[in-house]
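**Q** Next up is a structure, given as structure tokens.
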Amino acid sequence: MHALSWTFTAANVPHRCRLPDEQPNASYWQPAEKFNPEVFNKTECDREAHPQWVDCPYESCKLYKDVDSCPNGYVFDLSRIHYSAIYRWEIVCDRQVLKAVIQSMYYIGQMIGSLIFGFLGDRIGRKKVFFIAIVTQIVSGIGMGVAPQWQLFSLLRIGVGLAHPGIFVIAVVIGMELVGPSKRKIASVITGIFFSLGQMALGILAFFIRDYQILQTVIAIPALLFLAYWWIIPESARWLVSQRRYEEADKVLQRAAKMNKTKLPEKWWENIEVSAEPISEKTNAVHNRKHNFLDLVKTPKIRRISFAAFFCWPVVSMVYYGISMNTNFLGGNLYSTFVFGAFMEIPAVLIVYFVIDIIGRKPLLAGGYTVAALCMLSNLIVDGNVHWLISMAQFLLAKTAITCTYASIYTFTPELFPTVIRNTAMGVCSMMARFGAIVASYISMWLVEEFGKLAMILPFASLTLCAAVVVMVFLPETAGLALHETIDQAEGVVPSHELRPLSSGSPTQERDEKVD
């Protein structure tokens, strides 16, 4: 919910220039006798909403005809949104860009968190990083509800953003590593469904809570419940095996075997050691060394995959967060389009669940990019006065398509990289995605206000089409294949094995196919 809470915390509030003789509690709407057309500017009015007024409010950012500012400050219409950050800190007119700046702080935090938590997740373990991030989110989230200045609010928003990769990305990695190939997709889909439910809850809460401080506090406090996960979630057995901490991995797997009513083979790790025996002293040295970010670009196959992923992730992030932050950019109501858009993410991830193994990762990912682009471009050929239902349908279809893409890429990317650098790769990809989200913040929360929806549709549509081409040309298919454990396996130097210590047969299974 924190990711998109700024959409409502900083919801646009109708405003106008304050007249020279007006008091601090002046009404936004004013009768005709206060208007002097020879001196003051006048803006368009909403006569249906306020038929009792015979004239319009004054210009939102310009008071006098020859002065491009509001020297006396602003008067806000608080009839619909009672207390917004926009109203409190007057983030309007020449300060409008602050709306994008504050939102981008969240993604800068995510970028930092992706680097830190992605690296630490591979070094100290998934579980420890997960709970460091939870505590960070709780402290920062509650602090945002009481921050007195926008500068402090921005710093705390960095903290919330920093925690996101440590919670969401690590949770995805843990889920992928705790289950076998046949269950990877359902683990990713379940994560996506709960993310959608969180967005729906945010939209509904925002509809009923029109005070941003109360709303921020309400969405922050429930995170305290996540502290109980320390006694529920185990460390990733696959990560423990990759670190050769077999006794700890055995405890996790024994617990899983008991829950699944099956028996764990005795000393299963010895079979893994034999089947994955290094082929030379040089390979053995590589196997035992600590890995880092440079391993993503050192070898040719992983380098090709890395650069393709580094392009696809910021594009999907830019489009997803861009249309989520500005749900009514194609038309429609802020709250209804946000909630319905969040709801459409559920069928989107279910589509991924049912077809990703049938048609493969690549066609689904590329298809999602393409459909999202076409939906946005189609809005350019319809009349500006088209019924709002048409605009909402275009938005919902675009949101469904880009959600399919996001769910697919979260399933696809961990399968592209070996275990020893998987969390690092996911962290770097998540960091790259934040560049797209930062760009989306400025486009959807600033440039659209200045230049209209064209400033959002053209870059979003063109980049998604390019991403579709990159997926089909540069990334391998991974559907049904075992996860690589080492870089040598990913490069095809040694065969890959799927770790299956809970099966009745051999604890490993030879990979039938190699990823080119």
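Numbering starts fresh at 1 for the residues of each chain in the structure tokens, the chains themselves are lettered A, B, ... in the order given, and ligands are numbered from 1 as they appear.
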What lies within 10 Å of Leu155 (chain A) using only C-alpha atoms, ignoring chain neighbours under 5 positions off, as a list in words?

**A** Ile102, Met105, Tyr106, Gly109, Ser140, Gly143, Met144, Ala147, Trp150, Val160 and Gly161 of chain A

**Q** Next, dump the selected residues to file, keeping only N, CA and C atoms, as a PDB file, in the first residue's frame.

**A**
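Dumped everything to again-v7.pdb:
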```pdb
ATOM      1  N   ILE A 102       8.634  14.159  -4.352  1.00  0.00           N
ATOM      2  CA  ILE A 102       8.357  13.364  -3.154  1.00  0.00           C
ATOM      3  C   ILE A 102       8.056  11.919  -3.521  1.00  0.00           C
ATOM      4  N   MET A 105      11.159   9.989  -4.305  1.00  0.00           N
ATOM      5  CA  MET A 105      11.957   9.612  -3.146  1.00  0.00           C
ATOM      6  C   MET A 105      11.711   8.159  -2.755  1.00  0.00           C
ATOM      7  N   TYR A 106      10.473   7.721  -2.906  1.00  0.00           N
ATOM      8  CA  TYR A 106      10.145   6.326  -2.593  1.00  0.00           C
ATOM      9  C   TYR A 106      10.955   5.381  -3.474  1.00  0.00           C
ATOM     10  N   GLY A 109      14.604   5.280  -2.625  1.00  0.00           N
ATOM     11  CA  GLY A 109      14.768   4.355  -1.504  1.00  0.00           C
ATOM     12  C   GLY A 109      14.757   2.912  -1.962  1.00  0.00           C
ATOM     13  N   SER A 140       9.480   3.944   9.489  1.00  0.00           N
ATOM     14  CA  SER A 140       9.338   5.019   8.502  1.00  0.00           C
ATOM     15  C   SER A 140       7.876   5.292   8.181  1.00  0.00           C
ATOM     16  N   GLY A 143       6.218   7.209  10.944  1.00  0.00           N
ATOM     17  CA  GLY A 143       6.788   8.554  10.977  1.00  0.00           C
ATOM     18  C   GLY A 143       6.215   9.467   9.917  1.00  0.00           C
ATOM     19  N   MET A 144       5.879   8.920   8.746  1.00  0.00           N
ATOM     20  CA  MET A 144       5.301   9.734   7.679  1.00  0.00           C
ATOM     21  C   MET A 144       3.964  10.335   8.088  1.00  0.00           C
ATOM     22  N   ALA A 147       4.999  13.521  10.207  1.00  0.00           N
ATOM     23  CA  ALA A 147       6.063  14.419   9.741  1.00  0.00           C
ATOM     24  C   ALA A 147       5.525  15.831   9.533  1.00  0.00           C
ATOM     25  N   TRP A 150       7.532  18.739   4.538  1.00  0.00           N
ATOM     26  CA  TRP A 150       7.589  17.841   3.394  1.00  0.00           C
ATOM     27  C   TRP A 150       8.985  17.260   3.210  1.00  0.00           C
ATOM     28  N   VAL A 160      10.731   4.024   3.670  1.00  0.00           N
ATOM     29  CA  VAL A 160       9.705   3.047   3.297  1.00  0.00           C
ATOM     30  C   VAL A 160      10.067   2.380   1.976  1.00  0.00           C
ATOM     31  N   GLY A 161      10.548   3.190   1.028  1.00  0.00           N
ATOM     32  CA  GLY A 161      10.955   2.624  -0.251  1.00  0.00           C
ATOM     33  C   GLY A 161      12.143   1.694  -0.116  1.00  0.00           C
TER      34      GLY A 161
END
```

**Q** When DSSP is applied to the backbone of this structure, which of region 265-453 of chain A are assigned alpha helix (DSSP H)? Write them out as an MDAnalysis selection string.

**A** chainID A and resid 268:275 281:288 295:298 300:325 334:343 345:359 361:378 388:416 419:442 448:451

**Q** Out of A:Ala440, A:Ile138, A:Leu253, A:Arg95, which residue has the shortest atom-to-atom distance to Leu162 (chain A) when counting only C-alpha atoms?

**A** A:Ile138

**Q** Find the residue from A:Met472, A:Leu389, A:Ala3, A:Leu465 that sits nearest to Ala220 (chain A); use only C-alpha atoms when measuring.

**A** A:Ala3

**Q** For a test of reading the model, state the distance in Å between CA of Glu477 (chain A) and CA of Val179 (chain A), rounded to one decimal.

**A**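 CA of Glu477 (chain A) sits 19.7 Å away from CA of Val179 (chain A).
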
**Q** Near Phe130 (chain A), counting only C-alpha atoms, which residues have an atom at most 8 Å away, once you skip same-chain residues fewer than 6 positions from it, shown as a VMD selection string?

**A** chain A and resid 166 to 167 170 to 171
